[in-house]
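Undergrad: Below you will find the structure I want to go over with you.
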Amino acid sequence: ISRFSDEIERCEPAFDAVGEDGDESVRAKLACELAWAHDNAGSYERALEWSETALVLAEKLNDAELLARAIGSRSYALFNLGRYREAVILARGRVALAEAAGSLFEQALGWMTLSLFIFDDDPREAMSAEFEGAELARRAGHRGLEVVNLNNAAEVSLFLGAWSDTRAAIAELGQRELPLDQRAYLGCNEAVLAALTGDPEEAATCFERHADRMTATELVTGRATYLMDRALASLGTDDIEAARQESAEAVSADPTGINSPRALAIQARACLWLRDAEGARTALAEMKAFRGRRVAAARLTVEAGLAALEGRVEESADAYREAIEAWRALECTLDLALCELDLVLLLGPAHPDATAAKEARDIFTQLGAKPFLERLNRAAGKDWTDT
């Protein structure tokens, strides 16, 4: 279990003890550690304060690696405070600084952080960044960071529908001796993949195996990730009410965090499938606080569904066409197929645009996404499944 509060309790008195006349390198490193600990504990305003202290000291020391690390902490805090574009700019700068300093480890850490921030705008670049970070960490001899990047790559590729990459990352991680926290993240990825490919029992076993660790961690993003993964798995296992509840809990755990846009999209879809227009509208309103092309495509998908529920059929069809093209442009295969599934569910199989379901069927079949394929077949009707 991550104990960031313990780290804060140790480092803050140590920083004070060094004093303003003490070793500036020690003070800078302590300030960096405090910024990172507050980031992970969800104390983003305090993280900003400590990162500012670290930045001033690192600049004075002309320490490029320390400066890159302090910028990373600041960008993380800014992202979680809703300053998304600023966070991405700083994260890209961090990578550039690490490259200039020649530090493979800092580059790997920089790519990992950047990947988290750009997923909502360019998920394909985010996945590439994770694999790049894993390779750099391997070259640096830092197996722990390599594992984190690979686990993140598995998660991103799951949401993208790039499941061959998911399976490759999971297989590689399965051969490693992993720390307990990373074993838990791997278990969550395995659980989601099992749920979405038609093995709910294996999914439940994987989740329950790591439930205590993931719900008790002080790492805010860890708790939110676990709940978001459970929500996606519940959507796949046809427990739509559970998907709605778990996704709402994920957002509540970290409202402005990196997981919330995806969790809100799951929450909105669950509400639409339950014909809960008010719930979908609430989730949509919260989604408007986030930025990026993927978020925009998700909002458009929800707007199309709401229009369908409210009987605005032509408006809904137009919005679905636009959303489908947005998902296609982003190469978000799973989201594309789910959007087309939504169209059939909410506009009905008799609507002229329901022919899009044929593409969804091909995608679900290729992925092996049996639960979604079965839902699509039920929605489209027996005659369609025989074509």
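Residue names in the structure tokens use chain letters A, B, ... in the order shown, residue numbers from 1 in each chain, and ligand numbers from 1 in the order shown.
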Extract, using only C-alpha atoms, all DNA, RNA and protein residues at most 12 Å from Ala270 (chain A), discarding same-chain residues fewer than 4 positions from it, and format them as an MDAnalysis selection string.

TA: chainID A and resid 231:236 238:248 263:266 274:281 283 302 305 338 342

Undergrad: Just the residues within 9 Å of region 329-337 of chain A, please, counting only C-alpha atoms, with nothing from its chain fewer than 3 positions along; format it as a PyMOL selection string.

TA: chain A and resi 121-124+158-162+293-294+298+323-326+340-342+356-357+359-364+367

Undergrad: Sort by chain and increasing residue number a table of all residues of region 198-302 of chain A within 9 Å of region 42-66 of chain A, each with its closest pair of atoms and their distance in Å to one decimal, counting only C-alpha atoms, and write it as a tab-separated table.

TA:
residue	atom	partner	partner_atom	distance
A:Glu218	CA	A:Gly42	CA	8.7
A:Leu219	CA	A:Gly42	CA	7.7
A:Val220	CA	A:Gly42	CA	6.0
A:Thr221	CA	A:Gly42	CA	8.4
A:Asp254	CA	A:Gly42	CA	7.9

Undergrad: Looking at only C-alpha atoms, which of A:Leu30, A:Leu145, A:Val295, A:Leu343 is the one that sits closest to Trp273 (chain A)?

TA: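 For Trp273 (chain A), the nearest of the candidates is A:Leu343.
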
Undergrad: If we count only C-alpha atoms and set the cut-off at 9 Å, which residues sit around Ala204 (chain A), ignoring sequence neighbours fewer than 5 positions away in its own chain? Please answer as an MDAnalysis selection string.

TA: chainID A and resid 191 195 199 209

Undergrad: The selected residues should be written to file as a PDB file, in the first residue's frame (atoms: C-alpha atoms).

TA:
ATOM      1  CA  ALA A 191      -9.722  -8.758 -15.353  1.00  0.00           C
ATOM      2  CA  ALA A 195     -14.648  -9.557 -18.922  1.00  0.00           C
ATOM      3  CA  ASP A 199     -15.057 -14.760 -19.097  1.00  0.00           C
ATOM      4  CA  ARG A 209      -7.713 -10.952  -5.612  1.00  0.00           C
TER       5      ARG A 209
END

Undergrad: Using only C-alpha atoms, what does the table of region 216-289 of chain A residues within 10 Å of region 70-82 of chain A look like, with each row giving the shortest atom pair and its distance in Å to one decimal, sorted by chain and ascending number, as a Markdown table?

TA:
| residue | atom | partner | partner_atom | distance |
| --- | --- | --- | --- | --- |
| A:Asp254 | CA | A:Asn80 | CA | 8.5 |
| A:Pro255 | CA | A:Asn80 | CA | 8.6 |
| A:Thr256 | CA | A:Asn80 | CA | 5.3 |
| A:Gly257 | CA | A:Asn80 | CA | 4.9 |
| A:Ile258 | CA | A:Asn80 | CA | 7.0 |
| A:Ala289 | CA | A:Gly82 | CA | 7.6 |

Undergrad: Once you have the residues from the selection above, write them out as a compact mmCIF listing (two decimals), in the first residue's frame, restricted to C-alpha atoms.

TA:
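So part-v4.txt came out as:
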# COMPACT_ATOMS: atom_id res chain seq x y z
CA ASP A 254 -10.58 11.80 -8.21
CA PRO A 255 -12.99 14.28 -9.88
CA THR A 256 -10.47 16.17 -12.01
CA GLY A 257 -7.96 13.35 -12.39
CA ILE A 258 -6.62 11.46 -15.40
CA ALA A 289 -14.73 20.32 -17.92

Undergrad: Could you pull the residues within 8 Å of region 91-107 of chain A, counting only C-alpha atoms, minus those fewer than 3 positions along the same chain, as a list in words?

TA: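 Residues meeting the cut-off are Ala64, Glu65, Ala68, Arg69, Ile71, Gly72, Ser75, Ala87, Val88, Gly110, Trp111, Thr113, Leu114, Gly133, Leu136, Ala137, Arg139, Ala140 and His142 of chain A.
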